[in-house]
>>> print(open('final-v3.cif').read())   # mmCIF, C-alpha atoms
data_coords
loop_
_atom_site.group_PDB
_atom_site.id
_atom_site.type_symbol
_atom_site.label_atom_id
_atom_site.label_comp_id
_atom_site.auth_asym_id
_atom_site.auth_seq_id
_atom_site.Cartn_x
_atom_site.Cartn_y
_atom_site.Cartn_z
ATOM 1 C CA MET A 1 -166.975 -20.963 151.985
ATOM 2 C CA LYS A 2 -167.288 -17.716 153.946
ATOM 3 C CA ILE A 3 -164.525 -17.088 156.473
ATOM 4 C CA LYS A 4 -165.894 -16.561 159.991
ATOM 5 C CA MET A 5 -162.685 -16.625 162.013
ATOM 6 C CA ILE A 6 -159.112 -15.460 161.393
ATOM 7 C CA ALA A 7 -156.361 -16.979 163.561
ATOM 8 C CA ILE A 8 -153.160 -14.961 163.395
ATOM 9 C CA ASP A 9 -149.669 -15.660 164.683
ATOM 10 C CA ILE A 10 -147.947 -12.564 166.072
ATOM 11 C CA ASP A 11 -144.150 -12.510 165.700
ATOM 12 C CA GLY A 12 -143.146 -12.586 162.044
ATOM 13 C CA THR A 13 -146.807 -12.394 161.017
ATOM 14 C CA LEU A 14 -149.024 -9.753 162.618
ATOM 15 C CA VAL A 15 -146.095 -7.482 163.482
ATOM 16 C CA ASP A 16 -143.034 -6.332 161.591
ATOM 17 C CA ASP A 17 -139.470 -6.760 162.792
ATOM 18 C CA GLN A 18 -139.877 -3.751 165.098
ATOM 19 C CA LYS A 19 -142.905 -5.478 166.714
ATOM 20 C CA LYS A 20 -145.322 -2.971 165.165
ATOM 21 C CA ILE A 21 -148.650 -3.619 163.439
ATOM 22 C CA GLY A 22 -148.721 -2.098 159.948
ATOM 23 C CA PRO A 23 -151.369 0.506 159.039
ATOM 24 C CA LEU A 24 -153.122 -1.629 156.386
ATOM 25 C CA THR A 25 -153.200 -4.610 158.719
ATOM 26 C CA LYS A 26 -154.752 -2.562 161.523
ATOM 27 C CA VAL A 27 -157.482 -1.129 159.286
ATOM 28 C CA ALA A 28 -158.267 -4.465 157.597
ATOM 29 C CA LEU A 29 -158.581 -6.394 160.865
ATOM 30 C CA LYS A 30 -160.816 -3.755 162.418
ATOM 31 C CA LYS A 31 -163.068 -3.836 159.336
ATOM 32 C CA ALA A 32 -163.226 -7.637 159.395
ATOM 33 C CA ARG A 33 -164.151 -7.650 163.088
ATOM 34 C CA ALA A 34 -166.814 -4.997 162.485
ATOM 35 C CA GLN A 35 -168.308 -7.344 159.882
ATOM 36 C CA GLY A 36 -168.623 -10.083 162.499
ATOM 37 C CA VAL A 37 -165.483 -12.071 161.671
ATOM 38 C CA TYR A 38 -163.668 -13.263 164.805
ATOM 39 C CA VAL A 39 -160.048 -12.105 164.914
ATOM 40 C CA VAL A 40 -158.025 -14.375 167.200
ATOM 41 C CA LEU A 41 -154.384 -13.746 168.047
ATOM 42 C CA CYS A 42 -152.724 -17.144 168.316
ATOM 43 C CA THR A 43 -149.342 -17.024 170.003
ATOM 44 C CA GLY A 44 -146.743 -18.618 172.212
ATOM 45 C CA ARG A 45 -146.979 -15.569 174.467
ATOM 46 C CA PRO A 46 -149.159 -15.254 177.574
ATOM 47 C CA LEU A 47 -152.168 -12.921 177.500
ATOM 48 C CA SER A 48 -150.094 -10.226 179.225
ATOM 49 C CA GLY A 49 -147.705 -10.312 176.275
ATOM 50 C CA VAL A 50 -150.417 -9.506 173.709
ATOM 51 C CA LYS A 51 -152.544 -6.989 175.625
ATOM 52 C CA ASP A 52 -151.095 -3.960 173.821
ATOM 53 C CA TYR A 53 -151.900 -5.502 170.418
ATOM 54 C CA LEU A 54 -155.420 -6.428 171.519
ATOM 55 C CA ASP A 55 -155.991 -2.849 172.685
ATOM 56 C CA GLU A 56 -154.606 -1.458 169.440
ATOM 57 C CA LEU A 57 -156.942 -3.642 167.364
ATOM 58 C CA GLY A 58 -159.956 -3.121 169.612
ATOM 59 C CA LEU A 59 -160.226 -6.827 170.439
ATOM 60 C CA VAL A 60 -161.139 -6.273 174.071
ATOM 61 C CA THR A 61 -164.711 -7.478 174.650
ATOM 62 C CA GLU A 62 -166.064 -10.646 176.262
ATOM 63 C CA ASP A 63 -166.788 -11.811 172.710
ATOM 64 C CA ASP A 64 -163.129 -11.537 171.700
ATOM 65 C CA TYR A 65 -160.670 -14.370 172.261
ATOM 66 C CA ALA A 66 -156.956 -15.151 172.245
ATOM 67 C CA ILE A 67 -155.091 -18.446 172.046
ATOM 68 C CA THR A 68 -151.991 -18.281 174.214
ATOM 69 C CA PHE A 69 -148.970 -20.414 175.201
ATOM 70 C CA ASN A 70 -148.853 -21.941 171.692
ATOM 71 C CA GLY A 71 -152.314 -23.456 172.108
ATOM 72 C CA ALA A 72 -152.180 -24.575 175.718
ATOM 73 C CA LYS A 73 -154.878 -22.070 176.658
ATOM 74 C CA ALA A 74 -157.773 -20.076 175.164
ATOM 75 C CA GLN A 75 -159.158 -17.023 176.945
ATOM 76 C CA THR A 76 -161.537 -14.131 176.605
ATOM 77 C CA THR A 77 -159.499 -10.998 176.109
ATOM 78 C CA LYS A 78 -161.438 -8.632 178.379
ATOM 79 C CA SER A 79 -161.470 -10.606 181.631
ATOM 80 C CA GLY A 80 -158.961 -13.339 180.811
ATOM 81 C CA GLN A 81 -161.547 -16.024 181.549
ATOM 82 C CA THR A 82 -160.250 -19.453 180.564
ATOM 83 C CA LEU A 83 -162.292 -21.345 177.973
ATOM 84 C CA PHE A 84 -160.062 -24.400 177.935
ATOM 85 C CA GLU A 85 -156.581 -25.352 179.027
ATOM 86 C CA HIS A 86 -154.198 -28.283 178.440
ATOM 87 C CA GLY A 87 -151.134 -28.181 180.663
ATOM 88 C CA LEU A 88 -148.282 -30.171 182.180
ATOM 89 C CA THR A 89 -148.393 -31.626 185.682
ATOM 90 C CA PRO A 90 -145.592 -30.962 188.209
ATOM 91 C CA LYS A 91 -144.448 -34.555 187.703
ATOM 92 C CA GLU A 92 -144.171 -34.039 183.948
ATOM 93 C CA TYR A 93 -142.325 -30.727 183.934
ATOM 94 C CA GLY A 94 -140.237 -31.828 186.917
ATOM 95 C CA ALA A 95 -138.982 -34.742 184.818
ATOM 96 C CA LEU A 96 -138.286 -32.430 181.872
ATOM 97 C CA ASP A 97 -136.397 -30.045 184.137
ATOM 98 C CA ALA A 98 -134.304 -32.884 185.547
ATOM 99 C CA LEU A 99 -133.527 -33.945 181.967
ATOM 100 C CA SER A 100 -132.419 -30.388 181.163
ATOM 101 C CA HIS A 101 -129.955 -30.388 184.064
ATOM 102 C CA GLU A 102 -128.690 -33.822 183.011
ATOM 103 C CA LEU A 103 -128.100 -32.660 179.439
ATOM 104 C CA GLY A 104 -126.722 -29.243 180.358
ATOM 105 C CA VAL A 105 -129.285 -27.165 178.482
ATOM 106 C CA ARG A 106 -131.050 -24.373 180.346
ATOM 107 C CA GLY A 107 -134.810 -24.453 180.723
ATOM 108 C CA GLN A 108 -137.830 -22.630 182.092
ATOM 109 C CA ILE A 109 -141.374 -23.383 183.257
ATOM 110 C CA VAL A 110 -144.194 -21.116 182.101
ATOM 111 C CA LEU A 111 -147.358 -21.049 184.222
ATOM 112 C CA PRO A 112 -150.922 -20.159 183.157
ATOM 113 C CA ASP A 113 -150.804 -17.018 185.331
ATOM 114 C CA SER A 114 -148.124 -15.607 182.988
ATOM 115 C CA SER A 115 -145.149 -16.181 185.270
ATOM 116 C CA VAL A 116 -141.919 -17.953 184.395
ATOM 117 C CA TYR A 117 -139.695 -20.034 186.670
ATOM 118 C CA THR A 118 -136.209 -21.422 186.232
ATOM 119 C CA THR A 119 -134.124 -23.760 188.378
ATOM 120 C CA PHE A 120 -130.906 -22.661 186.684
ATOM 121 C CA LYS A 121 -128.830 -20.193 188.713
ATOM 122 C CA ASP A 122 -127.036 -19.213 185.520
ATOM 123 C CA ILE A 123 -130.257 -17.856 184.013
ATOM 124 C CA SER A 124 -130.354 -17.917 180.235
ATOM 125 C CA PRO A 125 -130.368 -14.451 178.633
ATOM 126 C CA TYR A 126 -133.166 -15.757 176.425
ATOM 127 C CA THR A 127 -135.245 -16.371 179.545
ATOM 128 C CA VAL A 128 -134.640 -12.790 180.646
ATOM 129 C CA LEU A 129 -135.602 -11.439 177.219
ATOM 130 C CA ASP A 130 -138.672 -13.666 177.040
ATOM 131 C CA ALA A 131 -139.866 -12.438 180.426
ATOM 132 C CA PHE A 132 -139.209 -8.822 179.457
ATOM 133 C CA TYR A 133 -140.954 -8.827 176.076
ATOM 134 C CA THR A 134 -143.978 -10.824 177.258
ATOM 135 C CA LYS A 135 -144.233 -8.971 180.593
ATOM 136 C CA MET A 136 -143.946 -12.166 182.659
ATOM 137 C CA PRO A 137 -142.483 -11.988 186.187
ATOM 138 C CA LEU A 138 -139.385 -14.167 186.424
ATOM 139 C CA TYR A 139 -138.476 -16.298 189.456
ATOM 140 C CA TYR A 140 -135.630 -18.600 190.435
ATOM 141 C CA ARG A 141 -136.585 -21.710 192.436
ATOM 142 C CA THR A 142 -134.820 -24.927 193.401
ATOM 143 C CA SER A 143 -135.798 -28.220 191.797
ATOM 144 C CA GLN A 144 -137.620 -29.176 194.996
ATOM 145 C CA GLU A 145 -139.560 -25.918 195.143
ATOM 146 C CA ILE A 146 -141.043 -26.214 191.645
ATOM 147 C CA GLU A 147 -143.020 -29.254 192.764
ATOM 148 C CA THR A 148 -145.502 -26.875 194.433
ATOM 149 C CA LEU A 149 -146.173 -24.669 191.405
ATOM 150 C CA GLY A 150 -149.184 -26.578 190.083
ATOM 151 C CA LEU A 151 -150.176 -26.955 186.429
ATOM 152 C CA ALA A 152 -147.806 -25.430 183.853
ATOM 153 C CA SER A 153 -148.607 -24.278 180.330
ATOM 154 C CA LYS A 154 -145.297 -25.481 178.937
ATOM 155 C CA TYR A 155 -141.681 -26.363 179.599
ATOM 156 C CA MET A 156 -139.030 -24.797 177.388
ATOM 157 C CA TRP A 157 -135.379 -25.171 176.593
ATOM 158 C CA VAL A 158 -134.018 -21.626 176.379
ATOM 159 C CA ASP A 159 -130.374 -21.597 175.392
ATOM 160 C CA GLU A 160 -127.953 -20.885 172.584
ATOM 161 C CA PRO A 161 -129.233 -22.371 169.289
ATOM 162 C CA GLU A 162 -126.153 -24.533 168.819
ATOM 163 C CA ILE A 163 -126.583 -26.038 172.297
ATOM 164 C CA ILE A 164 -130.239 -26.889 171.677
ATOM 165 C CA GLN A 165 -129.455 -28.440 168.299
ATOM 166 C CA ALA A 166 -126.612 -30.501 169.755
ATOM 167 C CA LYS A 167 -128.812 -31.885 172.543
ATOM 168 C CA LEU A 168 -131.676 -32.684 170.170
ATOM 169 C CA ALA A 169 -129.289 -34.551 167.883
ATOM 170 C CA THR A 170 -128.163 -36.882 170.679
ATOM 171 C CA LEU A 171 -131.454 -37.230 172.586
ATOM 172 C CA ASP A 172 -133.570 -40.349 172.235
ATOM 173 C CA GLN A 173 -136.755 -38.878 170.762
ATOM 174 C CA ALA A 174 -138.837 -41.496 172.572
ATOM 175 C CA VAL A 175 -138.135 -39.507 175.740
ATOM 176 C CA LEU A 176 -140.235 -36.642 174.362
ATOM 177 C CA ALA A 177 -142.832 -38.718 172.489
ATOM 178 C CA LYS A 178 -145.535 -38.104 175.098
ATOM 179 C CA TYR A 179 -145.401 -34.335 174.504
ATOM 180 C CA TYR A 180 -146.140 -31.945 171.665
ATOM 181 C CA THR A 181 -142.757 -30.399 170.891
ATOM 182 C CA VAL A 182 -141.734 -27.590 168.587
ATOM 183 C CA LEU A 183 -138.681 -25.475 167.878
ATOM 184 C CA SER A 184 -140.529 -22.143 167.923
ATOM 185 C CA ALA A 185 -137.318 -20.122 167.540
ATOM 186 C CA PRO A 186 -133.662 -21.183 167.255
ATOM 187 C CA TRP A 187 -133.295 -20.488 171.007
ATOM 188 C CA PHE A 188 -136.722 -21.870 172.119
ATOM 189 C CA TYR A 189 -137.622 -25.566 172.129
ATOM 190 C CA GLU A 190 -141.069 -26.016 173.652
ATOM 191 C CA MET A 191 -142.568 -29.120 175.280
ATOM 192 C CA MET A 192 -146.295 -29.212 175.998
ATOM 193 C CA ASN A 193 -149.321 -31.389 176.569
ATOM 194 C CA LYS A 194 -150.102 -33.456 173.442
ATOM 195 C CA LYS A 195 -153.370 -31.523 173.080
ATOM 196 C CA ALA A 196 -151.645 -28.169 173.420
ATOM 197 C CA HIS A 197 -150.833 -26.826 169.980
ATOM 198 C CA LYS A 198 -152.159 -23.974 167.898
ATOM 199 C CA GLY A 199 -154.035 -26.136 165.409
ATOM 200 C CA ALA A 200 -156.030 -28.056 168.005
ATOM 201 C CA ALA A 201 -156.781 -24.865 169.920
ATOM 202 C CA VAL A 202 -158.039 -23.042 166.825
ATOM 203 C CA ILE A 203 -160.358 -25.921 165.950
ATOM 204 C CA GLU A 204 -161.619 -26.273 169.538
ATOM 205 C CA LEU A 205 -162.305 -22.542 169.818
ATOM 206 C CA GLY A 206 -164.073 -22.618 166.464
ATOM 207 C CA GLU A 207 -166.314 -25.456 167.611
ATOM 208 C CA ARG A 208 -167.274 -23.497 170.729
ATOM 209 C CA LEU A 209 -168.258 -20.580 168.496
ATOM 210 C CA GLY A 210 -170.156 -22.739 166.008
ATOM 211 C CA ILE A 211 -167.475 -22.327 163.330
ATOM 212 C CA THR A 212 -166.186 -25.228 161.216
ATOM 213 C CA ALA A 213 -162.563 -25.773 160.188
ATOM 214 C CA ALA A 214 -163.492 -24.815 156.612
ATOM 215 C CA GLU A 215 -164.613 -21.398 157.861
ATOM 216 C CA ILE A 216 -161.279 -20.590 159.517
ATOM 217 C CA MET A 217 -158.420 -18.689 157.868
ATOM 218 C CA VAL A 218 -154.993 -18.914 159.512
ATOM 219 C CA LEU A 219 -151.856 -16.848 158.954
ATOM 220 C CA GLY A 220 -148.357 -17.734 160.111
ATOM 221 C CA ASP A 221 -144.701 -18.092 159.289
ATOM 222 C CA GLU A 222 -142.910 -20.614 161.528
ATOM 223 C CA ASN A 223 -142.987 -24.244 162.730
ATOM 224 C CA ASN A 224 -145.235 -23.564 165.709
ATOM 225 C CA ASP A 225 -147.885 -22.506 163.156
ATOM 226 C CA LEU A 226 -147.727 -25.765 161.164
ATOM 227 C CA THR A 227 -150.603 -27.457 162.986
ATOM 228 C CA MET A 228 -152.906 -24.530 162.152
ATOM 229 C CA PHE A 229 -152.165 -25.022 158.456
ATOM 230 C CA GLU A 230 -152.723 -28.761 158.764
ATOM 231 C CA LEU A 231 -156.150 -28.444 160.410
ATOM 232 C CA ALA A 232 -157.784 -25.183 159.307
ATOM 233 C CA GLY A 233 -159.626 -24.756 156.032
ATOM 234 C CA PHE A 234 -157.666 -21.884 154.501
ATOM 235 C CA GLY A 235 -154.026 -21.197 155.272
ATOM 236 C CA VAL A 236 -152.179 -18.068 154.171
ATOM 237 C CA ALA A 237 -148.398 -18.144 154.498
ATOM 238 C CA MET A 238 -146.487 -14.939 155.034
ATOM 239 C CA GLY A 239 -143.974 -14.001 152.355
ATOM 240 C CA ASN A 240 -141.284 -14.486 155.006
ATOM 241 C CA ALA A 241 -142.624 -17.910 156.064
ATOM 242 C CA ASN A 242 -140.455 -21.004 155.957
ATOM 243 C CA GLU A 243 -140.866 -23.514 153.137
ATOM 244 C CA GLN A 244 -142.858 -26.009 155.227
ATOM 245 C CA ILE A 245 -145.515 -23.399 155.923
ATOM 246 C CA LYS A 246 -145.641 -22.312 152.278
ATOM 247 C CA ALA A 247 -146.025 -25.927 151.135
ATOM 248 C CA LEU A 248 -149.096 -26.387 153.340
ATOM 249 C CA ALA A 249 -150.686 -23.027 152.533
ATOM 250 C CA GLN A 250 -153.496 -22.368 150.083
ATOM 251 C CA ALA A 251 -152.077 -18.891 149.419
ATOM 252 C CA VAL A 252 -148.985 -16.774 150.073
ATOM 253 C CA THR A 253 -149.195 -13.077 150.952
ATOM 254 C CA THR A 254 -146.548 -10.359 151.254
ATOM 255 C CA ASP A 255 -144.082 -10.457 154.128
ATOM 256 C CA ASN A 256 -144.496 -9.053 157.648
ATOM 257 C CA LYS A 257 -142.611 -5.889 156.692
ATOM 258 C CA HIS A 258 -145.211 -5.091 154.021
ATOM 259 C CA ASP A 259 -148.567 -5.625 155.756
ATOM 260 C CA GLY A 260 -148.909 -9.259 154.684
ATOM 261 C CA VAL A 261 -151.812 -9.842 157.074
ATOM 262 C CA GLY A 262 -153.630 -6.736 155.870
ATOM 263 C CA VAL A 263 -153.124 -7.671 152.220
ATOM 264 C CA ALA A 264 -154.546 -11.163 152.807
ATOM 265 C CA VAL A 265 -157.526 -10.033 154.898
ATOM 266 C CA THR A 266 -158.399 -7.395 152.312
ATOM 267 C CA LYS A 267 -158.165 -9.851 149.398
ATOM 268 C CA TYR A 268 -159.781 -12.948 150.888
ATOM 269 C CA ILE A 269 -162.347 -11.437 153.272
ATOM 270 C CA LEU A 270 -163.126 -7.767 152.729
ATOM 271 C CA GLU A 271 -163.161 -7.746 148.924
ATOM 272 C CA LYS A 272 -165.043 -11.037 148.726
ATOM 273 C CA GLY A 273 -167.629 -9.643 151.135
ATOM 274 C CA ARG A 274 -168.531 -6.765 148.803
#
>>> encode(input="final-v3.cif", output="structure tokens")
Amino acid sequence: MKIKMIAIDIDGTLVDDQKKIGPLTKVALKKARAQGVYVVLCTGRPLSGVKDYLDELGLVTEDDYAITFNGAKAQTTKSGQTLFEHGLTPKEYGALDALSHELGVRGQIVLPDSSVYTTFKDISPYTVLDAFYTKMPLYYRTSQEIETLGLASKYMWVDEPEIIQAKLATLDQAVLAKYYTVLSAPWFYEMMNKKAHKGAAVIELGERLGITAAEIMVLGDENNDLTMFELAGFGVAMGNANEQIKALAQAVTTDNKHDGVGVAVTKYILEKGR
């Protein structure tokens, strides 16, 4: 089956540990796009947090797309037009925020306009870093004030890894059963609409473009990529991926420090297209 769309995680996949795209990866993705293959960055970041990578890869037309907020939203990359969106209501994230205060684990609300809000005066350093690296404006609001924010893309616990693990160990999981949840990093535990995950978003975007699941190749390394590997036709795990990702993958490439994305795109798309 010919691959018509590549969905690529960013951190630990597209970029190396210095957040740079390798030379082979850059060339391979540009060649694949020139051949008509859609190249879709699929990330927990907002669009503002991937703009530099989109520019670098030349993925900046109205026929280029990005999946953001871990699947809560799909957009065109040039204008940012929303194709589809699955968010949390103020009632839902208000309840999650109240739970965070009750448990003593710091949290944040991420909105579709790429802004982040916290009701914790002692703002988590991970919130500050998240806002900095993804270029999201950061605001403090009271619990009452967040009720006016409108739809949110996700609610996140952002705290020390040991604190998050301790709270998850004691929490009744039924409390979170209505949400899609994922530990996307040791210091990030994300709670989203049940329909908001990377796998569902990749499939929905593919359908809008007339592309079947069997025609989609995905690349990733961490738990928030699992649903892509479960639903897409061809999954390529990075050499640095965790064991769950590797177990679901149809192939394993080199790690993110050695152009793993470029190696895979060259082998499974460019060379097969000769």
>>> residues_around(input="final-v3.cif", residues="Val27 (chain A)", least_positions_apart="4", cutoff="8 Å", atoms="all atoms listed in the file", output="PDB file with C-alpha atoms, in the coordinates of the input")
ATOM      1  CA  PRO A  23    -151.369   0.506 159.039  1.00  0.00           C
ATOM      2  CA  LYS A  31    -163.068  -3.836 159.336  1.00  0.00           C
ATOM      3  CA  GLY A 262    -153.630  -6.736 155.870  1.00  0.00           C
TER       4      GLY A 262
END
>>> residues_around(input="final-v3.cif", residues="Leu47 (chain A)", least_positions_apart="4", cutoff="10 Å", atoms="all atoms listed in the file", output="list in words")
Leu41, Thr43, Lys51, Asp52, Leu54, Ala66, Ile67, Thr68, Phe69, Lys73, Ala74, Gln75, Thr76, Thr77, Gly80, Pro112, Asp113, Ser114, Thr134, Lys135 and Met136 of chain A
>>> resolve_selection(input="final-v3.cif", expression="the PyMOL selection byres ((chain A and resi 10-13) around 10)", output="JSON, numbers by chain")
{"A": [7, 8, 9, 14, 15, 16, 17, 18, 19, 20, 21, 41, 42, 43, 44, 45, 50, 53, 219, 220, 221, 222, 237, 238, 239, 240, 241, 254, 255, 256, 257, 259, 260, 261]}
>>> atom_distance(input="final-v3.cif", atom1="CA of Glu145 (chain A)", atom2="CA of Val175 (chain A)")
23.7 Å
>>> closest_residue(input="final-v3.cif", among="A:Gly49, A:Gly233, A:Val218, A:Leu99", to="Val252 (chain A)", atoms="all atoms listed in the file")
A:Val218
>>> resolve_selection(input="final-v3.cif", expression="the PyMOL selection byres ((chain A and resi 178) around 12)", output="ChimeraX atom specification")
/A:88,92-93,96,173-177,179-181,191-196
>>> closest_residue(input="final-v3.cif", among="A:Met217, A:Asp130, A:Ser100, A:Lys198", to="Ile163 (chain A)", atoms="all atoms listed in the file")
A:Ser100
>>> resolve_selection(input="final-v3.cif", expression="the PyMOL selection byres ((chain A and resi 244) around 10)", output="VMD selection string")
chain A and resid 221 to 223 226 229 237 241 to 243 245 to 249
>>> atom_distance(input="final-v3.cif", atom1="CA of Val110 (chain A)", atom2="CA of Ala166 (chain A)")
23.4 Å
>>> axis_aligned_box(input="final-v3.cif", around="region 57-64 of chain A", padding_each_side="3 Å", output="JSON")
{"center_x": -161.9, "center_y": -7.5, "center_z": 171.8, "size_x": 15.8, "size_y": 14.7, "size_z": 14.9}
>>> residues_near_point(input="final-v3.cif", point="(-129.1, -21.8, 171.4)", cutoff="10 Å", atoms="all atoms listed in the file", output="list of chain:residue names")
A:Val105, A:Arg106, A:Ser124, A:Tyr126, A:Trp157, A:Val158, A:Asp159, A:Glu160, A:Pro161, A:Glu162, A:Ile163, A:Ile164, A:Gln165, A:Ala166, A:Ala185, A:Pro186, A:Trp187, A:Phe188, A:Tyr189
>>> atom_distance(input="final-v3.cif", atom1="CA of Ile6 (chain A)", atom2="CA of Ser153 (chain A)")
23.4 Å
>>> residues_around(input="final-v3.cif", residues="Thr148 (chain A)", least_positions_apart="4", cutoff="12 Å", atoms="all atoms listed in the file", output="number ranges by chain")
A: 89-91, 93-94, 111, 117, 141-144, 152
>>> residues_around(input="final-v3.cif", residues="Pro137 (chain A)", least_positions_apart="4", cutoff="8 Å", atoms="all atoms listed in the file", output="list in words")
Ser114, Ser115, Val116 and Ala131 of chain A
>>> write_last_selection(input="final-v3.cif", atoms="C-alpha atoms", output="compact mmCIF listing (two decimals), keeping the file's coordinate frame")
# COMPACT_ATOMS: atom_id res chain seq x y z
CA SER A 114 -148.12 -15.61 182.99
CA SER A 115 -145.15 -16.18 185.27
CA VAL A 116 -141.92 -17.95 184.40
CA ALA A 131 -139.87 -12.44 180.43
>>> closest_residue(input="final-v3.cif", among="A:Asn224, A:Met1, A:Thr25, A:Asp63", to="Arg208 (chain A)", atoms="all atoms listed in the file")
A:Asp63
>>> closest_residue(input="final-v3.cif", among="A:Glu102, A:Glu230, A:Glu56, A:Glu190", to="Phe120 (chain A)", atoms="all atoms listed in the file")
A:Glu102
>>> closest_residue(input="final-v3.cif", among="A:Leu209, A:Val202, A:Ala251, A:Leu151", to="Ala232 (chain A)", atoms="only C-alpha atoms")
A:Val202
>>> closest_residue(input="final-v3.cif", among="A:Leu270, A:Ile146, A:Val60, A:Leu205", to="Val37 (chain A)", atoms="only C-alpha atoms")
A:Leu270
